[in-house]
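**Q** The structure that follows is given in the form of structure tokens.
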Amino acid sequence: MGYKDFIDLSYKPKDDIVCQFRVEPAKGISVKRAAEMVAGESSVGTWTDVSTMKPRIKKIGARIFSIKGKNVKIAYPSILFEKGNMPQILSSIAGNVFGMKAVEGLRLDDVSFPRSITNSFQGPLYGIKGIRKLLGVKKRPFVGTIVKPKIGLNESEHAKVAYDAWSGGIDIVKDDENLSSQKFNKFEKRIVKTLKMRDKAEKETGEKKVYMANVTADVGTMLRRAEFVKDNGGRYMMVDIHTVGWSALETLREANDDLKLVMHAHRAGHAAFTKDPRHGISMRVISQITRLIGLDQLHVGTAVGKMFETKQDVLNNCDALRSNMNGIKTTMPVSSGGLHACMIPALVKIFGNDFIIQAGGGVHGHKDGTVAGAKSMRQALDAAMNDIPLKECAKKNKELATAIRQWD
């Protein structure tokens, strides 16, 4: 079969995984030829004809059914995949193809999964509706922060920073991606101290508060840490999805049927393969995969702040998390990276209400400290939700006024 006979422009996808690629062929190779090689390598073909090829195998090969410029759509019959096995699926559609000489660049921009595949994954346990019910917040976006500095504080210092943020009005406090269980800040001790401060803040404010504990480690350790969080009254766990890998996430999600924790996905490392528009995998695809496996929240970029994604990129990522996916629950988008109170009106216009505004430096970097920084975030959010200009709101809120002088 070789790398040929994979084009059928009359084909109508049915029970197929449909992938949209952007193909940048190598010099001297056409888009059509490069696309054939991608379709063959990612399904049943190889570089030459082989005597072991059977007619029935040819029938289940990938089919290129659309070529528009460099945008190519390929349908993969679901029979090619082991249901519920994301590593195997990605080893096919996003495996060897990126390293082929025939492509100077290859970008997997979008994936559509048929019901036969989506039904084999658990999806989020809570989703957006479940998170709102858990925290008792009916309409507005959630306001979160990250303990800063991201690494170096001891357990008591960490818990105090979290308490100050909650006291000022923050809903959600999370560990940063590289804080796990270092010598100066042990996981178990940090969890106990921080959750104790959470309980104190809840009593004082009358609001539900959340601590996202980073359980990232080897699979066995992650499971033990997640259990420890649950046993100590925690409601959330956080995991660095790319560094632990898809199989680890599937194992953690399966265990969460018993743990019943909200699962927060940090995307540390994603830009190594999502940032180049000519090569790699889009954040939209990562969003789809993360949702299918079953994480309840995911960082998707900011469109403002310090991250590279454009407004359209962020909207595409949000769509992947919140649009219909054959009954799979939605995943909550998280906006995080260089944010502060002055950006909140713009963020609400971009994201709507169903998202988390997560500011680290924008809370702890406030001139008057963490409590004031947290208050400025809630004040800005209240203004945005009531269509009040920030500077108007700042006349009666000194914390917001300071934030505007500091960062606007």
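Starting from 1 in every chain, residues are counted up; chains themselves are A, B, ... following the order of the structure tokens, and ligands are numbered from 1 as listed.
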Residues within 9 Å of range 156-162 of chain A, please, as a ChimeraX atom specification. Count only C-alpha atoms; anything in the same chain fewer than 5 positions from it doesn't count.
**A** /A:145-148,167,172-174,185,189-191,193-198,211,364,370-371
**Q** Take the selection from the previous step and output its residues with N, CA and C atoms, as a CSV table (one decimal), in the first residue's frame.
**A**
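Full text of out.csv as output:
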chain,number,residue,atom,x,y,z
A,145,THR,N,-6.1,32.8,43.2
A,145,THR,CA,-4.7,33.3,43.2
A,145,THR,C,-3.8,32.1,43.4
A,146,ILE,N,-2.5,32.4,43.1
A,146,ILE,CA,-1.5,31.4,43.3
A,146,ILE,C,-0.6,31.9,44.4
A,147,VAL,N,-0.2,31.1,45.4
A,147,VAL,CA,0.7,31.5,46.4
A,147,VAL,C,2.0,31.9,45.8
A,148,LYS,N,2.5,33.1,46.1
A,148,LYS,CA,3.7,33.6,45.6
A,148,LYS,C,4.6,34.1,46.8
A,167,SER,N,-9.3,35.8,53.0
A,167,SER,CA,-9.9,36.9,53.8
A,167,SER,C,-10.2,38.1,53.0
A,172,ILE,N,-10.4,31.0,45.5
A,172,ILE,CA,-9.6,29.8,45.2
A,172,ILE,C,-8.1,30.2,45.4
A,173,VAL,N,-7.4,29.4,46.1
A,173,VAL,CA,-6.0,29.5,46.3
A,173,VAL,C,-5.3,28.2,45.8
A,174,LYS,N,-4.3,28.3,45.0
A,174,LYS,CA,-3.6,27.1,44.5
A,174,LYS,C,-2.1,27.1,44.7
A,185,ASN,N,9.2,22.7,52.4
A,185,ASN,CA,7.8,22.8,52.4
A,185,ASN,C,7.2,21.4,52.1
A,189,LYS,N,2.4,18.4,55.6
A,189,LYS,CA,2.3,19.5,56.6
A,189,LYS,C,1.7,20.7,56.0
A,190,ARG,N,2.0,21.0,54.7
A,190,ARG,CA,1.4,22.1,54.1
A,190,ARG,C,-0.1,22.0,53.9
A,191,ILE,N,-0.6,20.8,53.6
A,191,ILE,CA,-2.0,20.5,53.4
A,191,ILE,C,-2.8,20.8,54.7
A,193,LYS,N,-1.9,22.5,57.4
A,193,LYS,CA,-1.9,23.9,57.8
A,193,LYS,C,-2.8,24.8,56.9
A,194,THR,N,-2.7,24.6,55.6
A,194,THR,CA,-3.5,25.4,54.7
A,194,THR,C,-5.0,25.2,54.8
A,195,LEU,N,-5.4,23.9,54.9
A,195,LEU,CA,-6.8,23.7,55.1
A,195,LEU,C,-7.3,24.2,56.4
A,196,LYS,N,-6.5,24.2,57.4
A,196,LYS,CA,-6.9,24.8,58.7
A,196,LYS,C,-7.2,26.3,58.5
A,197,MET,N,-6.4,27.0,57.7
A,197,MET,CA,-6.6,28.4,57.4
A,197,MET,C,-7.8,28.6,56.5
A,198,ARG,N,-8.0,27.6,55.6
A,198,ARG,CA,-9.2,27.7,54.8
A,198,ARG,C,-10.5,27.7,55.7
A,211,TYR,N,-8.9,25.3,48.3
A,211,TYR,CA,-7.4,25.1,48.2
A,211,TYR,C,-7.1,24.0,47.2
A,364,HIS,N,-0.7,39.4,45.3
A,364,HIS,CA,0.4,39.5,46.3
A,364,HIS,C,1.4,40.7,46.0
A,370,THR,N,-1.3,41.4,50.4
A,370,THR,CA,-2.2,40.3,49.8
A,370,THR,C,-3.6,40.6,50.1
A,371,VAL,N,-4.0,41.0,51.3
A,371,VAL,CA,-5.4,41.2,51.6
A,371,VAL,C,-6.0,42.3,50.7
**Q** Using only C-alpha atoms, which protein or nucleic acid residues come within 9 Å of Arg63 in chain A? Drop anything in the same chain fewer than 3 positions from it, and give the result as a PyMOL selection string.
**A** chain A and resi 5-9+11+13+36+39-40+60+73-77
**Q** For the selection just defined, write its residues with C-alpha atoms to a file, as a PDB file, in the first residue's frame.
**A**
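Printed below is part_7.pdb as written:
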ATOM      1  CA  ASP A   5      -4.342   5.402  -1.822  1.00  0.00           C
ATOM      2  CA  PHE A   6      -5.323   7.389   1.281  1.00  0.00           C
ATOM      3  CA  ILE A   7      -7.261  10.141  -0.516  1.00  0.00           C
ATOM      4  CA  ASP A   8     -11.023   9.926  -0.998  1.00  0.00           C
ATOM      5  CA  LEU A   9     -12.496  13.405  -1.418  1.00  0.00           C
ATOM      6  CA  TYR A  11     -15.796  10.290   1.775  1.00  0.00           C
ATOM      7  CA  PRO A  13     -16.982  10.735   8.021  1.00  0.00           C
ATOM      8  CA  GLU A  36      -0.902  11.016   1.966  1.00  0.00           C
ATOM      9  CA  ALA A  39      -2.445   9.622   6.672  1.00  0.00           C
ATOM     10  CA  GLY A  40      -0.569   6.428   5.867  1.00  0.00           C
ATOM     11  CA  ILE A  60      -9.673   0.574   7.635  1.00  0.00           C
ATOM     12  CA  LYS A  73      -8.810  16.833   7.065  1.00  0.00           C
ATOM     13  CA  ILE A  74      -8.200  13.152   7.730  1.00  0.00           C
ATOM     14  CA  ALA A  75     -10.774  10.634   8.980  1.00  0.00           C
ATOM     15  CA  TYR A  76      -9.593   7.681  11.076  1.00  0.00           C
ATOM     16  CA  PRO A  77     -12.088   4.801  11.488  1.00  0.00           C
TER      17      PRO A  77
END
**Q** Excluding range 263-279 of chain A and residues on its chain fewer than 2 positions from it, collect all residues at most 6 Å away from it, counting only C-alpha atoms, and give them as a PyMOL selection string.
**A** chain A and resi 105-107+237-241+281-283+295-298
**Q** Could those selected residues go to a file with C-alpha atoms, as a PDB file, in the first residue's frame?
**A**
ATOM      1  CA  GLY A 105       5.974  21.653   9.548  1.00  0.00           C
ATOM      2  CA  LEU A 106       2.873  19.811  10.690  1.00  0.00           C
ATOM      3  CA  ARG A 107       0.242  21.205  13.045  1.00  0.00           C
ATOM      4  CA  MET A 237      -6.448  18.447  43.722  1.00  0.00           C
ATOM      5  CA  MET A 238      -4.209  20.012  41.102  1.00  0.00           C
ATOM      6  CA  VAL A 239      -1.993  18.162  38.628  1.00  0.00           C
ATOM      7  CA  ASP A 240       0.539  19.208  35.980  1.00  0.00           C
ATOM      8  CA  ILE A 241      -1.038  17.346  33.087  1.00  0.00           C
ATOM      9  CA  ILE A 281      -0.419  20.437  18.540  1.00  0.00           C
ATOM     10  CA  SER A 282      -2.842  23.257  19.245  1.00  0.00           C
ATOM     11  CA  MET A 283      -4.033  24.129  22.752  1.00  0.00           C
ATOM     12  CA  LEU A 295     -10.428  17.133  34.439  1.00  0.00           C
ATOM     13  CA  ASP A 296     -12.779  19.797  35.730  1.00  0.00           C
ATOM     14  CA  GLN A 297     -10.652  22.911  35.156  1.00  0.00           C
ATOM     15  CA  LEU A 298      -7.892  23.852  32.695  1.00  0.00           C
TER      16      LEU A 298
END
**Q** Could the residues of range 67-111 of chain A that have an atom at most 12 Å from range 320-333 of chain A be listed as CSV, each with its closest atom pair and the distance in Å to one decimal, counting only C-alpha atoms and ordered by chain and ascending residue number?
**A**
residue,atom,partner,partner_atom,distance
A:Asp109,CA,A:Ala320,CA,11.7
A:Asp110,CA,A:Ala320,CA,9.4
A:Val111,CA,A:Ala320,CA,9.8
**Q** Skip Lys129 in chain A itself and residues of its chain fewer than 2 positions away, then list as a PyMOL selection string all residues within 9 Å of it, counting only C-alpha atoms.
**A** chain A and resi 126-127+131-134+138+329-330
**Q** Please provide as a list in words all residues within 10 Å of Gly45 in chain A, with the sequence filter that same-chain residues fewer than 4 positions apart are discarded (counting only C-alpha atoms).
**A** Met1, Gly2, Tyr3, Lys4, Asp5, Phe6, Glu36, Met37, Val38, Ala39, Gly40, Glu41, Asp49, Val50, Met53, Ile57, Lys58, Gly61 and Ala62 of chain A
**Q** Residues at most 8 Å from Ile151 in chain A, counting only C-alpha atoms, excluding those fewer than 4 positions away in the same chain, as a ChimeraX atom specification?
**A** /A:176,178-179
**Q** Those residues with N, CA and C atoms, as an mmCIF file, in the first residue's frame please?
**A**
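Result saved to again27.cif:
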data_model
loop_
_atom_site.group_PDB
_atom_site.id
_atom_site.type_symbol
_atom_site.label_atom_id
_atom_site.label_comp_id
_atom_site.auth_asym_id
_atom_site.auth_seq_id
_atom_site.Cartn_x
_atom_site.Cartn_y
_atom_site.Cartn_z
ATOM 1 N N ASP A 176 1.615 26.560 43.153
ATOM 2 C CA ASP A 176 2.144 26.742 41.805
ATOM 3 C C ASP A 176 2.643 25.401 41.272
ATOM 4 N N ASN A 178 5.397 24.083 40.349
ATOM 5 C CA ASN A 178 6.641 23.415 40.756
ATOM 6 C C ASN A 178 6.773 23.231 42.262
ATOM 7 N N LEU A 179 5.685 23.433 42.994
ATOM 8 C CA LEU A 179 5.686 23.167 44.431
ATOM 9 C C LEU A 179 5.050 21.802 44.678
#
**Q** Report the residues of range 80-233 of chain A whose backbone DSSP state falls under strand (DSSP E or B), written as a PyMOL selection string.
**A** chain A and resi 103-112+142-146+172-174+182+185+210-214
**Q** Report, in Å to a single decimal, how far apart CA of Ala34 in chain A and CA of Lys101 in chain A are.
**A**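 A separation of 9.3 Å between them.
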**Q** What does the distance from CA of Ile79 in chain A to CA of Leu125 in chain A come to in Å, to one decimal?
**A**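 Atom-to-atom, CA of Ile79 in chain A and CA of Leu125 in chain A are spaced 27.1 Å apart.
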**Q** Enumerate, as a PyMOL selection string, the complete set of residues in range 11-63 of chain A that a backbone-based DSSP assignment places in helix (DSSP H, G or I).
**A** chain A and resi 31-41+55-58
**Q** Which neighbours of range 372-389 of chain A fall inside 12 Å, counting only C-alpha atoms, when residues of the same chain fewer than 5 positions from it are skipped, and could you give them as a PDB file with N, CA and C atoms, in the first residue's frame?
**A**
ATOM      1  N   LYS A 139     -23.523  32.793  39.592  1.00  0.00           N
ATOM      2  CA  LYS A 139     -23.431  33.497  38.314  1.00  0.00           C
ATOM      3  C   LYS A 139     -22.048  34.044  37.990  1.00  0.00           C
ATOM      4  N   ARG A 140     -21.447  34.750  38.927  1.00  0.00           N
ATOM      5  CA  ARG A 140     -20.214  35.479  38.615  1.00  0.00           C
ATOM      6  C   ARG A 140     -19.039  34.532  38.342  1.00  0.00           C
ATOM      7  N   PRO A 141     -18.001  35.025  37.662  1.00  0.00           N
ATOM      8  CA  PRO A 141     -16.770  34.251  37.560  1.00  0.00           C
ATOM      9  C   PRO A 141     -16.151  34.041  38.949  1.00  0.00           C
ATOM     10  N   PHE A 142     -15.276  33.051  39.057  1.00  0.00           N
ATOM     11  CA  PHE A 142     -14.546  32.803  40.295  1.00  0.00           C
ATOM     12  C   PHE A 142     -13.248  33.605  40.279  1.00  0.00           C
ATOM     13  N   VAL A 143     -12.789  33.975  41.471  1.00  0.00           N
ATOM     14  CA  VAL A 143     -11.532  34.710  41.585  1.00  0.00           C
ATOM     15  C   VAL A 143     -10.528  33.841  42.335  1.00  0.00           C
ATOM     16  N   GLY A 144      -9.387  33.624  41.717  1.00  0.00           N
ATOM     17  CA  GLY A 144      -8.371  32.776  42.320  1.00  0.00           C
ATOM     18  C   GLY A 144      -7.019  33.442  42.382  1.00  0.00           C
ATOM     19  N   THR A 145      -6.129  32.835  43.152  1.00  0.00           N
ATOM     20  CA  THR A 145      -4.744  33.300  43.202  1.00  0.00           C
ATOM     21  C   THR A 145      -3.817  32.109  43.353  1.00  0.00           C
ATOM     22  N   ILE A 146      -2.535  32.365  43.143  1.00  0.00           N
ATOM     23  CA  ILE A 146      -1.479  31.386  43.330  1.00  0.00           C
ATOM     24  C   ILE A 146      -0.586  31.908  44.447  1.00  0.00           C
ATOM     25  N   VAL A 161      -0.273  33.114  53.651  1.00  0.00           N
ATOM     26  CA  VAL A 161      -0.552  33.813  52.391  1.00  0.00           C
ATOM     27  C   VAL A 161      -1.930  33.402  51.864  1.00  0.00           C
ATOM     28  N   ALA A 162      -2.232  32.109  51.922  1.00  0.00           N
ATOM     29  CA  ALA A 162      -3.534  31.625  51.475  1.00  0.00           C
ATOM     30  C   ALA A 162      -4.659  32.251  52.300  1.00  0.00           C
ATOM     31  N   TYR A 163      -4.486  32.285  53.614  1.00  0.00           N
ATOM     32  CA  TYR A 163      -5.499  32.863  54.499  1.00  0.00           C
ATOM     33  C   TYR A 163      -5.741  34.334  54.174  1.00  0.00           C
ATOM     34  N   ASP A 164      -4.683  35.080  53.960  1.00  0.00           N
ATOM     35  CA  ASP A 164      -4.830  36.500  53.637  1.00  0.00           C
ATOM     36  C   ASP A 164      -5.615  36.687  52.341  1.00  0.00           C
ATOM     37  N   ALA A 165      -5.336  35.846  51.351  1.00  0.00           N
ATOM     38  CA  ALA A 165      -6.039  35.949  50.069  1.00  0.00           C
ATOM     39  C   ALA A 165      -7.525  35.627  50.243  1.00  0.00           C
ATOM     40  N   TRP A 166      -7.821  34.558  50.961  1.00  0.00           N
ATOM     41  CA  TRP A 166      -9.219  34.205  51.203  1.00  0.00           C
ATOM     42  C   TRP A 166      -9.942  35.299  51.994  1.00  0.00           C
ATOM     43  N   SER A 167      -9.253  35.849  52.977  1.00  0.00           N
ATOM     44  CA  SER A 167      -9.861  36.893  53.810  1.00  0.00           C
ATOM     45  C   SER A 167     -10.245  38.116  52.991  1.00  0.00           C
ATOM     46  N   GLY A 168      -9.444  38.408  51.961  1.00  0.00           N
ATOM     47  CA  GLY A 168      -9.721  39.561  51.119  1.00  0.00           C
ATOM     48  C   GLY A 168     -10.783  39.330  50.062  1.00  0.00           C
ATOM     49  N   GLY A 169     -11.255  38.081  49.939  1.00  0.00           N
ATOM     50  CA  GLY A 169     -12.336  37.806  48.987  1.00  0.00           C
ATOM     51  C   GLY A 169     -12.026  36.811  47.892  1.00  0.00           C
ATOM     52  N   ILE A 170     -10.798  36.286  47.883  1.00  0.00           N
ATOM     53  CA  ILE A 170     -10.452  35.276  46.884  1.00  0.00           C
ATOM     54  C   ILE A 170     -11.226  33.990  47.163  1.00  0.00           C
ATOM     55  N   ASP A 171     -11.735  33.353  46.097  1.00  0.00           N
ATOM     56  CA  ASP A 171     -12.440  32.080  46.232  1.00  0.00           C
ATOM     57  C   ASP A 171     -11.476  30.904  46.296  1.00  0.00           C
ATOM     58  N   ILE A 172     -10.450  30.958  45.463  1.00  0.00           N
ATOM     59  CA  ILE A 172      -9.606  29.796  45.193  1.00  0.00           C
ATOM     60  C   ILE A 172      -8.135  30.163  45.369  1.00  0.00           C
ATOM     61  N   VAL A 173      -7.422  29.361  46.131  1.00  0.00           N
ATOM     62  CA  VAL A 173      -5.972  29.505  46.267  1.00  0.00           C
ATOM     63  C   VAL A 173      -5.334  28.208  45.799  1.00  0.00           C
ATOM     64  N   LEU A 339      -2.045  38.634  35.395  1.00  0.00           N
ATOM     65  CA  LEU A 339      -3.320  39.345  35.544  1.00  0.00           C
ATOM     66  C   LEU A 339      -3.353  40.196  36.811  1.00  0.00           C
ATOM     67  N   HIS A 340      -4.198  41.243  36.772  1.00  0.00           N
ATOM     68  CA  HIS A 340      -4.455  42.078  37.941  1.00  0.00           C
ATOM     69  C   HIS A 340      -5.853  42.672  37.804  1.00  0.00           C
ATOM     70  N   ALA A 341      -6.278  43.406  38.804  1.00  0.00           N
ATOM     71  CA  ALA A 341      -7.660  43.891  38.873  1.00  0.00           C
ATOM     72  C   ALA A 341      -8.074  44.707  37.652  1.00  0.00           C
ATOM     73  N   CYS A 342      -7.172  45.495  37.107  1.00  0.00           N
ATOM     74  CA  CYS A 342      -7.530  46.381  35.995  1.00  0.00           C
ATOM     75  C   CYS A 342      -7.923  45.622  34.729  1.00  0.00           C
ATOM     76  N   MET A 343      -7.539  44.347  34.637  1.00  0.00           N
ATOM     77  CA  MET A 343      -7.830  43.546  33.449  1.00  0.00           C
ATOM     78  C   MET A 343      -9.178  42.831  33.518  1.00  0.00           C
ATOM     79  N   ILE A 344      -9.805  42.840  34.670  1.00  0.00           N
ATOM     80  CA  ILE A 344     -11.001  42.016  34.863  1.00  0.00           C
ATOM     81  C   ILE A 344     -12.152  42.379  33.922  1.00  0.00           C
ATOM     82  N   PRO A 345     -12.477  43.658  33.695  1.00  0.00           N
ATOM     83  CA  PRO A 345     -13.560  43.946  32.746  1.00  0.00           C
ATOM     84  C   PRO A 345     -13.307  43.360  31.358  1.00  0.00           C
ATOM     85  N   ALA A 346     -12.082  43.459  30.871  1.00  0.00           N
ATOM     86  CA  ALA A 346     -11.754  42.900  29.557  1.00  0.00           C
ATOM     87  C   ALA A 346     -11.868  41.381  29.569  1.00  0.00           C
ATOM     88  N   LEU A 347     -11.428  40.752  30.656  1.00  0.00           N
ATOM     89  CA  LEU A 347     -11.504  39.294  30.761  1.00  0.00           C
ATOM     90  C   LEU A 347     -12.952  38.813  30.739  1.00  0.00           C
ATOM     91  N   VAL A 348     -13.826  39.496  31.461  1.00  0.00           N
ATOM     92  CA  VAL A 348     -15.239  39.104  31.497  1.00  0.00           C
ATOM     93  C   VAL A 348     -15.863  39.231  30.110  1.00  0.00           C
ATOM     94  N   LYS A 349     -15.481  40.255  29.358  1.00  0.00           N
ATOM     95  CA  LYS A 349     -16.000  40.420  28.000  1.00  0.00           C
ATOM     96  C   LYS A 349     -15.547  39.274  27.090  1.00  0.00           C
ATOM     97  N   GLY A 352     -16.868  35.622  29.314  1.00  0.00           N
ATOM     98  CA  GLY A 352     -18.208  35.465  29.862  1.00  0.00           C
ATOM     99  C   GLY A 352     -18.125  35.257  31.367  1.00  0.00           C
ATOM    100  N   ASN A 353     -19.057  34.513  31.926  1.00  0.00           N
ATOM    101  CA  ASN A 353     -19.094  34.313  33.373  1.00  0.00           C
ATOM    102  C   ASN A 353     -18.495  32.994  33.835  1.00  0.00           C
ATOM    103  N   ILE A 356     -12.475  31.049  35.625  1.00  0.00           N
ATOM    104  CA  ILE A 356     -11.749  31.441  36.838  1.00  0.00           C
ATOM    105  C   ILE A 356     -10.707  32.484  36.466  1.00  0.00           C
ATOM    106  N   ILE A 357     -10.740  33.610  37.158  1.00  0.00           N
ATOM    107  CA  ILE A 357      -9.717  34.653  36.999  1.00  0.00           C
ATOM    108  C   ILE A 357      -8.649  34.389  38.057  1.00  0.00           C
ATOM    109  N   GLN A 358      -7.458  34.064  37.622  1.00  0.00           N
ATOM    110  CA  GLN A 358      -6.426  33.641  38.569  1.00  0.00           C
ATOM    111  C   GLN A 358      -5.231  34.587  38.491  1.00  0.00           C
ATOM    112  N   ALA A 359      -5.014  35.340  39.547  1.00  0.00           N
ATOM    113  CA  ALA A 359      -3.930  36.325  39.574  1.00  0.00           C
ATOM    114  C   ALA A 359      -2.979  36.035  40.727  1.00  0.00           C
ATOM    115  N   GLY A 360      -1.694  35.936  40.418  1.00  0.00           N
ATOM    116  CA  GLY A 360      -0.690  35.739  41.463  1.00  0.00           C
ATOM    117  C   GLY A 360      -0.080  37.059  41.868  1.00  0.00           C
ATOM    118  N   GLY A 361       0.778  37.599  40.993  1.00  0.00           N
ATOM    119  CA  GLY A 361       1.387  38.893  41.259  1.00  0.00           C
ATOM    120  C   GLY A 361       0.370  39.999  41.412  1.00  0.00           C
ATOM    121  N   GLY A 362      -0.775  39.870  40.726  1.00  0.00           N
ATOM    122  CA  GLY A 362      -1.816  40.881  40.795  1.00  0.00           C
ATOM    123  C   GLY A 362      -2.531  40.929  42.135  1.00  0.00           C
ATOM    124  N   VAL A 363      -2.316  39.910  42.967  1.00  0.00           N
ATOM    125  CA  VAL A 363      -2.839  39.901  44.329  1.00  0.00           C
ATOM    126  C   VAL A 363      -1.720  40.214  45.327  1.00  0.00           C
ATOM    127  N   HIS A 364      -0.651  39.423  45.292  1.00  0.00           N
ATOM    128  CA  HIS A 364       0.411  39.549  46.286  1.00  0.00           C
ATOM    129  C   HIS A 364       1.368  40.712  45.987  1.00  0.00           C
ATOM    130  N   GLY A 365       1.304  41.221  44.742  1.00  0.00           N
ATOM    131  CA  GLY A 365       2.148  42.353  44.383  1.00  0.00           C
ATOM    132  C   GLY A 365       1.503  43.696  44.651  1.00  0.00           C
ATOM    133  N   HIS A 366       0.266  43.678  45.128  1.00  0.00           N
ATOM    134  CA  HIS A 366      -0.423  44.928  45.446  1.00  0.00           C
ATOM    135  C   HIS A 366       0.377  45.702  46.477  1.00  0.00           C
ATOM    136  N   LYS A 367       0.487  46.982  46.280  1.00  0.00           N
ATOM    137  CA  LYS A 367       1.308  47.852  47.139  1.00  0.00           C
ATOM    138  C   LYS A 367       0.980  47.698  48.619  1.00  0.00           C
ATOM    139  N   ALA A 394     -13.624  52.763  41.878  1.00  0.00           N
ATOM    140  CA  ALA A 394     -12.452  53.015  42.714  1.00  0.00           C
ATOM    141  C   ALA A 394     -12.632  54.208  43.653  1.00  0.00           C
ATOM    142  N   LYS A 395     -13.580  55.090  43.358  1.00  0.00           N
ATOM    143  CA  LYS A 395     -13.809  56.250  44.214  1.00  0.00           C
ATOM    144  C   LYS A 395     -14.250  55.831  45.617  1.00  0.00           C
ATOM    145  N   LYS A 396     -14.877  54.655  45.725  1.00  0.00           N
ATOM    146  CA  LYS A 396     -15.352  54.179  47.020  1.00  0.00           C
ATOM    147  C   LYS A 396     -14.584  52.952  47.513  1.00  0.00           C
ATOM    148  N   ASN A 397     -13.556  52.550  46.751  1.00  0.00           N
ATOM    149  CA  ASN A 397     -12.789  51.352  47.103  1.00  0.00           C
ATOM    150  C   ASN A 397     -11.299  51.641  46.981  1.00  0.00           C
ATOM    151  N   LYS A 398     -10.656  51.882  48.095  1.00  0.00           N
ATOM    152  CA  LYS A 398      -9.262  52.316  48.073  1.00  0.00           C
ATOM    153  C   LYS A 398      -8.323  51.241  47.534  1.00  0.00           C
ATOM    154  N   GLU A 399      -8.663  49.970  47.755  1.00  0.00           N
ATOM    155  CA  GLU A 399      -7.786  48.897  47.266  1.00  0.00           C
ATOM    156  C   GLU A 399      -7.760  48.879  45.741  1.00  0.00           C
ATOM    157  N   LEU A 400      -8.919  49.040  45.120  1.00  0.00           N
ATOM    158  CA  LEU A 400      -8.987  49.099  43.662  1.00  0.00           C
ATOM    159  C   LEU A 400      -8.309  50.357  43.152  1.00  0.00           C
ATOM    160  N   ALA A 401      -8.506  51.464  43.850  1.00  0.00           N
ATOM    161  CA  ALA A 401      -7.865  52.728  43.440  1.00  0.00           C
ATOM    162  C   ALA A 401      -6.350  52.575  43.416  1.00  0.00           C
ATOM    163  N   THR A 402      -5.809  51.910  44.415  1.00  0.00           N
ATOM    164  CA  THR A 402      -4.363  51.679  44.467  1.00  0.00           C
ATOM    165  C   THR A 402      -3.918  50.785  43.319  1.00  0.00           C
ATOM    166  N   ALA A 403      -4.682  49.739  43.038  1.00  0.00           N
ATOM    167  CA  ALA A 403      -4.341  48.822  41.934  1.00  0.00           C
ATOM    168  C   ALA A 403      -4.315  49.566  40.604  1.00  0.00           C
ATOM    169  N   ILE A 404      -5.272  50.470  40.420  1.00  0.00           N
ATOM    170  CA  ILE A 404      -5.317  51.234  39.178  1.00  0.00           C
ATOM    171  C   ILE A 404      -4.095  52.146  39.072  1.00  0.00           C
ATOM    172  N   ARG A 405      -3.738  52.816  40.147  1.00  0.00           N
ATOM    173  CA  ARG A 405      -2.534  53.663  40.115  1.00  0.00           C
ATOM    174  C   ARG A 405      -1.274  52.841  39.877  1.00  0.00           C
ATOM    175  N   GLN A 406      -1.271  51.625  40.386  1.00  0.00           N
ATOM    176  CA  GLN A 406      -0.082  50.778  40.309  1.00  0.00           C
ATOM    177  C   GLN A 406       0.110  50.129  38.947  1.00  0.00           C
ATOM    178  N   TRP A 407      -0.989  49.713  38.309  1.00  0.00           N
ATOM    179  CA  TRP A 407      -0.845  48.882  37.107  1.00  0.00           C
ATOM    180  C   TRP A 407      -1.535  49.403  35.853  1.00  0.00           C
TER     181      TRP A 407
END
**Q** With range 87-93 of chain A as the partner and 10 Å as the cut-off, tabulate the residues of range 218-279 of chain A that qualify, each row holding the nearest pair of atoms and their distance in Å to one decimal, using only C-alpha atoms, sorted by chain and rising number, as a tab-separated table.
**A**
residue	atom	partner	partner_atom	distance
A:Gly245	CA	A:Pro87	CA	8.6
A:Trp246	CA	A:Pro87	CA	6.1
A:Ser247	CA	A:Pro87	CA	6.3
A:Ala248	CA	A:Pro87	CA	10.0
A:Glu250	CA	A:Pro87	CA	9.6
**Q** Write out, as an mmCIF file, in the first residue's frame, the residues just selected, with C-alpha atoms.
**A**
data_model
loop_
_atom_site.group_PDB
_atom_site.id
_atom_site.type_symbol
_atom_site.label_atom_id
_atom_site.label_comp_id
_atom_site.auth_asym_id
_atom_site.auth_seq_id
_atom_site.Cartn_x
_atom_site.Cartn_y
_atom_site.Cartn_z
ATOM 1 C CA GLY A 245 1.322 12.206 31.112
ATOM 2 C CA TRP A 246 -2.029 11.074 29.766
ATOM 3 C CA SER A 247 -1.968 7.551 31.193
ATOM 4 C CA ALA A 248 -1.294 8.931 34.687
ATOM 5 C CA GLU A 250 -6.519 8.439 33.275
#
**Q** With only C-alpha atoms as the atoms that count, which of A:Gly338, A:Val219, A:Gly130, A:Lys203 lies nearest to Asp354 in chain A?
**A**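 With only C-alpha atoms as the atom set, the closest residue is A:Gly130.
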**Q** Report, in Å with one decimal, the straight-line distance from CA of Phe187 in chain A to CA of Leu135 in chain A.
**A** 24.2 Å
**Q** Using only C-alpha atoms, which residue out of A:Val192, A:Val72, A:Ala255, A:Cys393 lies closest to Gly234 in chain A?
**A**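 Between A:Val192, A:Val72, A:Ala255, A:Cys393, the residue approaching Gly234 in chain A most closely is A:Val192.
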